[in-house]
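Source file: target38.cif; contents: mmCIF, C-alpha atoms.
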data_final
loop_
_atom_site.label_atom_id
_atom_site.label_comp_id
_atom_site.auth_asym_id
_atom_site.auth_seq_id
_atom_site.Cartn_x
_atom_site.Cartn_y
_atom_site.Cartn_z
CA MET A 140 117.12 80.95 109.73
CA ILE A 141 118.31 80.23 113.32
CA LYS A 142 119.82 83.69 113.54
CA SER A 143 116.63 85.39 112.32
CA CYS A 144 114.40 83.46 114.72
CA THR A 145 116.70 84.26 117.63
CA GLN A 146 116.58 87.93 116.70
CA ALA A 147 112.78 87.90 116.60
CA GLU A 148 112.58 86.16 119.98
CA ALA A 149 114.98 88.68 121.49
CA LEU A 150 112.91 91.60 120.28
CA ILE A 151 109.71 90.09 121.64
CA ALA A 152 111.38 89.36 124.97
CA LEU A 153 112.54 92.95 125.14
CA ARG A 154 108.97 94.11 124.67
CA SER A 155 107.82 91.82 127.48
CA LEU A 156 110.45 93.12 129.93
CA SER A 157 109.44 96.73 129.38
CA SER A 158 105.92 97.80 128.57
CA VAL A 159 106.95 101.41 128.21
CA ARG A 160 106.28 102.77 124.73
CA ASN A 161 106.10 106.39 123.66
CA GLY A 162 106.43 107.54 127.27
CA VAL A 163 103.40 105.57 128.50
CA ALA A 164 103.74 102.67 130.93
CA GLN A 165 101.02 100.09 131.42
CA GLU A 166 101.75 97.29 133.89
CA GLY A 167 101.21 93.83 132.39
CA ARG A 168 100.23 95.09 128.94
CA ILE A 169 102.45 94.97 125.88
CA PRO A 170 101.43 97.78 123.48
CA MET A 171 100.63 96.88 119.91
CA LYS A 172 103.26 97.70 117.32
CA VAL A 173 102.35 98.88 113.83
CA LEU A 174 105.09 99.10 111.20
CA ILE A 175 104.44 101.61 108.41
CA CYS A 176 106.85 100.68 105.64
CA ASP A 177 107.23 101.22 101.91
CA HIS A 178 109.65 102.20 99.19
CA PRO A 179 110.75 105.83 99.77
CA ASP A 180 109.00 107.17 96.66
CA CYS A 181 105.78 105.35 97.63
CA MET A 182 105.57 106.61 101.21
CA MET A 183 102.96 109.15 102.23
CA PRO A 184 104.48 112.63 102.54
CA ASP A 185 102.98 112.94 106.03
CA HIS A 186 101.88 110.27 108.51
CA THR A 187 99.92 112.44 110.96
CA LEU A 188 96.46 111.14 110.03
CA GLU A 189 97.68 107.52 110.03
CA ILE A 190 99.22 107.86 113.49
CA GLU A 191 96.18 109.67 114.89
CA THR A 192 93.80 107.02 113.52
CA LEU A 193 95.86 104.13 114.87
CA LYS A 194 96.32 105.63 118.34
CA ALA A 195 92.67 106.62 118.59
CA GLY A 196 91.62 103.05 117.81
CA LEU A 197 94.33 100.99 119.54
CA GLY A 198 95.36 103.26 122.39
CA PRO A 199 97.78 106.14 122.89
CA ASP A 200 100.61 103.79 123.85
CA THR A 201 100.55 102.04 120.45
CA ASP A 202 104.08 101.77 119.10
CA ILE A 203 104.14 103.10 115.53
CA GLU A 204 107.34 102.88 113.53
CA VAL A 205 107.76 104.53 110.13
CA TYR A 206 110.49 102.90 108.07
CA GLU A 207 111.61 103.51 104.49
CA TYR A 208 112.15 100.19 102.77
CA ASP A 209 115.37 99.37 100.93
CA GLU A 210 115.40 96.18 98.85
CA GLY A 211 119.15 95.91 99.39
CA ARG A 212 118.66 95.78 103.17
CA ARG A 213 115.91 93.19 103.40
CA ASP A 214 117.37 91.81 106.66
CA GLU A 215 116.91 95.23 108.25
CA PHE A 216 113.24 95.13 107.24
CA TYR A 217 112.93 91.66 108.80
CA ALA A 218 114.38 92.97 112.07
CA ARG A 219 111.81 95.78 112.25
CA LEU A 220 109.02 93.41 111.28
CA ALA A 221 109.97 90.87 113.96
CA ASP A 222 107.88 92.35 116.78
CA ALA A 223 105.16 94.00 114.67
CA ASP A 224 101.50 93.13 115.17
CA ALA A 225 100.49 94.92 111.98
CA LEU A 226 102.14 96.05 108.76
CA LEU A 227 100.90 98.97 106.69
CA THR A 228 102.38 99.03 103.19
CA ALA A 229 101.50 99.22 99.52
CA PHE A 230 104.35 97.77 97.50
CA VAL A 231 106.72 95.91 99.83
CA THR A 232 106.72 92.21 98.93
CA MET A 233 105.36 90.04 101.73
CA ASP A 234 106.24 86.50 100.72
CA ALA A 235 106.41 83.36 102.84
CA GLU A 236 110.01 84.10 103.81
CA ALA A 237 109.11 87.55 105.16
CA MET A 238 106.29 86.08 107.23
CA LYS A 239 108.69 83.61 108.86
CA HIS A 240 110.44 86.65 110.34
CA ALA A 241 107.18 88.05 111.74
CA PRO A 242 105.95 85.73 114.50
CA ARG A 243 103.63 88.37 116.00
CA LEU A 244 102.16 89.62 112.73
CA LYS A 245 98.37 89.47 112.65
CA VAL A 246 97.37 91.72 109.77
CA ILE A 247 98.83 93.24 106.61
CA SER A 248 96.93 96.37 105.63
CA LEU A 249 97.57 97.67 102.15
CA ASN A 250 97.04 101.29 101.20
CA SER A 251 96.47 100.08 97.65
CA THR A 252 93.65 98.26 95.90
CA GLY A 253 95.91 95.48 94.60
CA PHE A 254 97.36 92.73 96.78
CA ASP A 255 99.48 90.68 94.37
CA GLN A 256 102.60 91.57 96.39
CA VAL A 257 101.34 89.41 99.28
CA ASP A 258 101.50 85.60 99.35
CA LEU A 259 97.88 84.95 100.30
CA ASN A 260 98.38 81.22 100.92
CA ALA A 261 101.26 81.84 103.33
CA ALA A 262 99.31 84.60 105.10
CA THR A 263 96.24 82.40 105.49
CA MET A 264 98.29 79.48 106.82
CA ARG A 265 99.74 81.78 109.48
CA GLY A 266 96.39 83.39 110.33
CA ILE A 267 97.45 86.78 109.00
CA GLY A 268 94.64 88.90 107.59
CA VAL A 269 95.27 90.72 104.30
CA CYS A 270 93.28 93.92 103.84
CA PRO A 271 93.64 96.03 100.70
CA VAL A 272 91.99 99.40 101.03
CA GLY A 273 89.30 98.41 98.54
CA GLU A 274 87.76 101.74 97.64
CA TYR A 275 89.08 105.27 97.92
CA CYS A 276 89.89 106.64 94.45
CA THR A 277 87.27 105.39 91.98
CA TRP A 278 86.27 108.95 91.11
CA ASP A 279 89.88 110.11 90.77
CA VAL A 280 91.07 107.30 88.47
CA SER A 281 88.02 107.56 86.22
CA GLU A 282 88.53 111.33 86.12
CA SER A 283 92.10 110.65 84.98
CA ALA A 284 90.80 108.38 82.21
CA ILE A 285 88.77 111.26 80.81
CA ALA A 286 91.75 113.62 81.16
CA TYR A 287 94.01 111.22 79.26
CA MET A 288 91.44 110.75 76.51
CA SER A 289 91.12 114.49 76.00
CA ALA A 290 94.80 115.37 76.34
CA LEU A 291 95.96 112.68 73.93
CA ASN A 292 93.23 113.24 71.36
CA LYS A 293 93.89 117.00 71.35
CA HIS A 294 97.71 116.57 71.20
CA PHE A 295 98.37 118.64 74.32
CA LYS A 296 101.87 117.23 74.87
CA LEU A 297 102.97 117.89 71.28
CA TYR A 298 101.58 121.43 71.24
CA GLN A 299 103.17 122.22 74.61
CA LYS A 300 106.53 121.03 73.32
CA GLU A 301 106.13 123.11 70.15
CA ILE A 302 105.45 126.19 72.25
CA ASP A 303 107.94 125.64 75.08
CA GLU A 304 110.89 124.34 73.09
CA ARG A 305 110.44 125.60 69.51
CA HIS A 306 108.39 128.72 70.27
CA ALA A 307 106.18 127.63 67.40
CA TRP A 308 102.52 128.69 67.13
CA ASN A 309 101.23 126.11 64.66
CA TYR A 310 97.97 124.18 65.00
CA ALA A 311 98.90 122.01 62.00
CA ALA A 312 101.97 120.60 63.77
CA ALA A 313 99.79 117.73 65.00
CA PRO A 314 97.90 115.14 62.97
CA GLN A 315 94.19 115.69 62.42
CA TRP A 316 92.04 113.28 64.44
CA PRO A 317 88.27 112.93 64.92
CA ARG A 318 86.36 114.48 67.78
CA LEU A 319 85.73 112.28 70.79
CA GLU A 320 82.03 112.32 69.92
CA ASP A 321 82.88 110.46 66.69
CA GLN A 322 84.86 107.72 68.42
CA VAL A 323 84.10 104.40 70.14
CA LEU A 324 85.43 103.96 73.67
CA GLY A 325 86.34 100.43 74.77
CA ILE A 326 86.74 99.74 78.49
CA VAL A 327 88.59 96.61 79.60
CA GLY A 328 87.63 95.79 83.19
CA PHE A 329 84.12 96.86 84.16
CA GLY A 330 84.42 97.00 87.93
CA LYS A 331 83.80 100.12 90.03
CA ILE A 332 86.31 102.28 88.15
CA GLY A 333 85.31 101.01 84.71
CA LYS A 334 81.67 101.76 85.45
CA CYS A 335 82.54 105.24 86.74
CA THR A 336 84.55 105.98 83.59
CA ALA A 337 81.61 104.85 81.44
CA GLU A 338 79.27 107.18 83.30
CA LYS A 339 81.64 110.13 82.88
CA ALA A 340 82.23 109.35 79.19
CA ARG A 341 78.55 109.18 78.34
CA GLY A 342 77.86 112.15 76.06
CA LEU A 343 81.55 112.58 75.22
CA VAL A 344 81.94 109.64 72.84
CA LYS A 345 79.81 108.07 70.13
CA LYS A 346 79.51 104.67 71.80
CA ILE A 347 80.87 102.77 74.78
CA ILE A 348 81.69 99.06 74.72
CA ALA A 349 83.29 97.00 77.47
CA CYS A 350 84.48 93.51 78.30
CA ASP A 351 84.65 91.81 81.66
CA PRO A 352 83.71 88.14 82.16
CA HIS A 353 83.19 88.61 85.89
CA VAL A 354 80.50 91.30 85.80
CA PRO A 355 76.75 90.59 85.50
CA HIS A 356 75.20 91.50 82.16
CA GLY A 357 72.75 93.85 83.86
CA ASP A 358 75.57 96.15 84.97
CA PHE A 359 76.38 96.85 81.31
CA VAL A 360 72.73 97.35 80.33
CA ALA A 361 72.09 99.73 83.22
CA ARG A 362 74.79 102.09 81.92
CA GLY A 363 74.00 101.85 78.23
CA VAL A 364 77.24 100.00 77.53
CA ASP A 365 77.47 97.22 74.95
CA ARG A 366 79.04 94.07 76.34
CA VAL A 367 81.56 92.52 73.94
CA GLU A 368 84.35 89.95 73.97
CA LYS A 369 88.02 90.92 74.01
CA ASP A 370 88.54 90.40 70.27
CA GLU A 371 85.54 92.57 69.41
CA LEU A 372 86.66 95.36 71.72
CA LEU A 373 90.18 95.42 70.30
CA ALA A 374 88.85 95.58 66.74
CA GLN A 375 86.04 98.10 67.25
CA SER A 376 87.55 100.68 69.62
CA ASP A 377 89.04 104.06 68.74
CA ILE A 378 90.06 104.52 72.37
CA ILE A 379 90.88 101.66 74.75
CA VAL A 380 91.14 102.14 78.51
CA ASN A 381 92.43 99.35 80.76
CA HIS A 382 90.90 99.32 84.23
CA MET A 383 91.63 95.67 85.09
CA CYS A 384 93.08 94.49 88.37
CA LEU A 385 96.03 92.16 87.93
CA THR A 386 95.30 88.43 88.08
CA ASP A 387 97.16 85.28 87.09
CA ASP A 388 95.20 85.30 83.84
CA ASN A 389 95.82 88.82 82.56
CA GLU A 390 99.56 89.45 82.84
CA ARG A 391 100.64 90.74 79.40
CA TYR A 392 96.97 90.78 78.42
CA PHE A 393 97.90 93.45 75.89
CA ASP A 394 100.59 91.62 73.93
CA ALA A 395 101.72 91.65 70.29
CA ALA A 396 98.67 89.62 69.25
CA ALA A 397 96.33 92.07 70.98
CA PHE A 398 97.97 95.11 69.37
CA SER A 399 97.70 93.45 65.96
CA GLN A 400 93.91 93.34 66.40
CA MET A 401 93.65 97.10 67.02
CA VAL A 402 92.70 97.85 63.43
CA ARG A 403 91.25 101.31 64.21
CA ARG A 404 94.64 102.59 65.44
CA PRO A 405 93.30 103.49 68.88
CA ILE A 406 94.50 105.67 71.66
CA PHE A 407 95.50 103.17 74.35
CA ILE A 408 95.37 104.13 78.05
CA ASN A 409 96.55 101.91 80.91
CA LEU A 410 95.16 102.85 84.32
CA GLY A 411 95.09 99.28 85.63
CA ARG A 412 98.37 97.49 86.28
CA GLY A 413 101.63 97.82 84.39
CA LEU A 414 102.08 94.05 84.21
CA CYS A 415 98.99 93.84 81.99
CA VAL A 416 100.98 95.33 79.10
CA ASP A 417 103.88 93.88 77.13
CA GLU A 418 105.88 97.09 76.80
CA SER A 419 108.14 95.84 74.01
CA ALA A 420 105.09 94.97 71.91
CA LEU A 421 103.56 98.34 72.75
CA VAL A 422 106.66 100.20 71.57
CA GLU A 423 106.49 98.35 68.26
CA ALA A 424 102.80 99.16 67.93
CA LEU A 425 103.49 102.85 68.52
CA GLU A 426 106.32 102.92 66.03
CA ASP A 427 104.36 101.28 63.22
CA GLY A 428 101.19 103.28 63.95
CA ARG A 429 98.90 100.49 65.15
CA VAL A 430 98.53 102.51 68.36
CA ARG A 431 98.33 106.24 67.62
CA ALA A 432 98.91 107.43 71.18
CA PHE A 433 99.50 105.96 74.62
CA GLY A 434 98.76 107.14 78.14
CA ALA A 435 99.73 105.38 81.35
CA ASP A 436 99.72 105.90 85.07
CA VAL A 437 101.57 102.60 85.56
CA LEU A 438 104.49 100.90 83.84
CA TYR A 439 105.64 97.28 83.84
CA ASN A 440 108.02 98.01 86.72
CA GLU A 441 106.53 99.89 89.65
CA THR A 442 109.83 101.75 90.09
CA PRO A 443 110.88 102.05 86.43
CA ASP A 444 114.22 103.09 85.01
CA LEU A 445 112.86 106.08 83.11
CA ALA A 446 116.22 106.98 81.58
CA SER A 447 116.21 103.79 79.51
CA ASN A 448 112.48 103.27 79.00
CA GLU A 449 111.58 103.45 75.30
CA LEU A 450 108.16 104.94 76.04
CA VAL A 451 109.64 108.07 77.56
CA GLY A 452 110.15 111.19 75.44
CA ARG A 453 107.56 110.50 72.73
CA ASP A 454 105.25 113.28 71.57
CA ASN A 455 102.26 110.92 71.52
CA VAL A 456 102.85 109.35 74.95
CA ILE A 457 101.82 110.78 78.32
CA ILE A 458 102.99 108.99 81.47
CA THR A 459 102.24 109.94 85.06
CA PRO A 460 103.93 108.43 88.16
CA HIS A 461 101.07 106.24 89.47
CA SER A 462 99.31 109.44 90.51
CA ALA A 463 95.83 109.01 89.02
CA PHE A 464 94.46 108.51 92.53
CA TYR A 465 96.08 111.66 93.90
CA SER A 466 93.73 114.21 95.43
CA THR A 467 93.15 115.65 98.88
CA THR A 468 90.01 113.59 99.40
CA ALA A 469 91.51 110.33 98.09
CA ILE A 470 94.64 110.59 100.27
CA GLU A 471 92.58 111.25 103.39
CA ASP A 472 90.31 108.29 102.62
CA LEU A 473 93.29 106.06 101.81
CA GLU A 474 95.13 106.78 105.05
CA ARG A 475 92.03 106.60 107.24
CA LEU A 476 90.57 103.40 105.74
CA SER A 477 93.85 101.46 105.69
CA CYS A 478 94.48 102.31 109.35
CA GLU A 479 90.89 101.60 110.38
CA ASN A 480 91.33 98.14 108.79
CA ILE A 481 94.22 97.52 111.18
CA VAL A 482 92.26 98.78 114.18
CA HIS A 483 89.18 96.66 113.43
CA PHE A 484 91.19 93.53 112.71
CA LEU A 485 93.34 93.74 115.83
CA LYS A 486 90.24 94.41 117.96
CA GLY A 487 88.56 91.31 116.55
CA GLU A 488 85.99 93.31 114.56
CA LYS A 489 86.49 91.56 111.25
CA GLU A 490 82.97 92.42 110.11
CA LYS A 491 84.00 96.11 110.15
CA VAL A 492 87.12 95.61 108.02
CA PHE A 493 86.49 97.35 104.70
CA LYS A 494 87.93 94.51 102.65
CA LEU A 495 89.44 91.22 103.88
CA VAL A 496 90.63 89.04 100.99
CA ASN A 497 91.53 85.85 102.84
CA GLN A 498 89.73 83.68 105.39
CA VAL A 499 91.46 83.83 108.77
#
Please, can you express the file's structure as structure tokens?
Amino acid sequence: MIKSCTQAEALIALRSLSSVRNGVAQEGRIPMKVLICDHPDCMMPDHTLEIETLKAGLGPDTDIEVYEYDEGRRDEFYARLADADALLTAFVTMDAEAMKHAPRLKVISLNSTGFDQVDLNAATMRGIGVCPVGEYCTWDVSESAIAYMSALNKHFKLYQKEIDERHAWNYAAAPQWPRLEDQVLGIVGFGKIGKCTAEKARGLVKKIIACDPHVPHGDFVARGVDRVEKDELLAQSDIIVNHMCLTDDNERYFDAAAFSQMVRRPIFINLGRGLCVDESALVEALEDGRVRAFGADVLYNETPDLASNELVGRDNVIITPHSAFYSTTAIEDLERLSCENIVHFLKGEKEKVFKLVNQV
């Protein structure tokens, strides 16, 4: 601990001695530093818009460092965090220990909607604002829900494999399932994305039901959706889509008991959080037919070992690499909003921050 604190103090002292950053010198002013950091496979392919947005808001001399995170070199991350005023990340864990190494840190901006990777209590105690991006991909994720429903119900993966690998032209290679218009869609989590999926699915399915204890009843009525409890949804649905955010109460929400209640052998789609699903129980449900097909944009581990994952390689399973949000418009909104959150917070304009989840 003494070594880490000394390192942080040295870095800050170095900044005080020289106020030259990026070729710009300003007497008596220490430029802000923003650290953009994430796991390599979670980093944006290009940081131009992020850098432009930050410099336009905080000044051209703003020090912006882009660093690929390595869990095995956590101390190296601490060193780069030591003189940062702001951190932009999505999946790097910011626990109390990390914050001890960041004496200048004022805000953690997340280019993700979830914030379970941040210790909110520790951040609040240190006066560090936590700002998830809030809203940028509602349309995209709900669009993906419809795509999954259609692709799984029409056996696209199986047919593609038959054609590509076996060169077989056989419509009867797949089991015969009802049309979407003859099936009941159950949505778990009726927030912005759940509502958007319901609106898109209207006219595609026979009936839409949903459960969410945190949403006013009028939101269901306004969209022609029947509000039900969890047990009813599991028992009545032919297709189940998870749109829940992760909370302390819904980890492994879909466990062996939940799969045993899926008496209509539904298609199950997880577009919420991977931790909501007990993957071992899901594999058993797929193998004994209680779940007839599975689609997911997230798995239990954010960086999964695909070579050993039992869900991989199945004809009735489609998995995408947390890409349901991915579109030109969504990426632009994500980068701009997450950086604007940093700008507004550091300038004391908290009322302009898109979403601030703690009181600081």
Would you kindly translate the PyMOL selection byres ((chain A and resi 337-345) around 6) into the concrete residues it picks from this file, as a compact mmCIF listing (two decimals) with C-alpha atoms, keeping the file's coordinate frame?
# COMPACT_ATOMS: atom_id res chain seq x y z
CA LEU A 319 85.73 112.28 70.79
CA GLU A 320 82.03 112.32 69.92
CA ASP A 321 82.88 110.46 66.69
CA GLN A 322 84.86 107.72 68.42
CA VAL A 323 84.10 104.40 70.14
CA LYS A 334 81.67 101.76 85.45
CA CYS A 335 82.54 105.24 86.74
CA THR A 336 84.55 105.98 83.59
CA LYS A 346 79.51 104.67 71.80
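For Leu259 in chain A, the non-local neighbours within 12 Å, defined as residues at least 5 positions apart in the same chain or in other chains and counting only C-alpha atoms, are Thr232, Met233, Asp234, Ala235, Met238, Val246, Ile247, Phe254, Met264, Arg265, Gly266, Ile267, Gly268, Val269, Cys270, Pro271, Leu495, Val496, Asn497, Gln498 and Val499 of chain A.
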May I ask which of the residues A:Lys172, A:Arg429, A:His178, A:His461 is the closest one to Ala221 in chain A, counting all atoms listed in the file? A:Lys172
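With all atoms listed in the file as the basis for measurement, A:Phe393 is the residue among A:Gly434, A:Phe393, A:Asn440, A:Cys384 that approaches Ala420 in chain A most closely.
As for CA of Arg213 in chain A and CA of Val482 in chain A, they are spaced 26.6 Å apart.
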Contacts of Gly330 in chain A at 12 Å or less, counting only C-alpha atoms, minus same-chain residues fewer than 5 places along, as an mmCIF file with C-alpha atoms, in the coordinates of the input?
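Below is the file around-v9.cif, written as the result:
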data_model
loop_
_atom_site.group_PDB
_atom_site.id
_atom_site.type_symbol
_atom_site.label_atom_id
_atom_site.label_comp_id
_atom_site.auth_asym_id
_atom_site.auth_seq_id
_atom_site.Cartn_x
_atom_site.Cartn_y
_atom_site.Cartn_z
ATOM 1 C CA GLY A 273 89.300 98.410 98.540
ATOM 2 C CA GLU A 274 87.760 101.740 97.640
ATOM 3 C CA THR A 277 87.270 105.390 91.980
ATOM 4 C CA SER A 281 88.020 107.560 86.220
ATOM 5 C CA CYS A 335 82.540 105.240 86.740
ATOM 6 C CA THR A 336 84.550 105.980 83.590
ATOM 7 C CA ALA A 337 81.610 104.850 81.440
ATOM 8 C CA ALA A 349 83.290 97.000 77.470
ATOM 9 C CA CYS A 350 84.480 93.510 78.300
ATOM 10 C CA ASP A 351 84.650 91.810 81.660
ATOM 11 C CA PRO A 352 83.710 88.140 82.160
ATOM 12 C CA HIS A 353 83.190 88.610 85.890
ATOM 13 C CA VAL A 354 80.500 91.300 85.800
ATOM 14 C CA PRO A 355 76.750 90.590 85.500
ATOM 15 C CA ASP A 358 75.570 96.150 84.970
ATOM 16 C CA PHE A 359 76.380 96.850 81.310
ATOM 17 C CA ASN A 381 92.430 99.350 80.760
ATOM 18 C CA HIS A 382 90.900 99.320 84.230
ATOM 19 C CA MET A 383 91.630 95.670 85.090
ATOM 20 C CA CYS A 384 93.080 94.490 88.370
ATOM 21 C CA GLY A 411 95.090 99.280 85.630
#
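Closest approach to Val231 in chain A among A:Glu441, A:Leu410, A:Asn309, A:Arg404 is made by A:Glu441 (distances from all atoms listed in the file).
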Once the PyMOL selection byres ((chain A and resi 468-473) around 8) has been evaluated on this model, what residues remain selected, and can you format them as a VMD selection string? chain A and resid 188 250 to 251 272 275 to 276 279 464 to 467 474 to 477
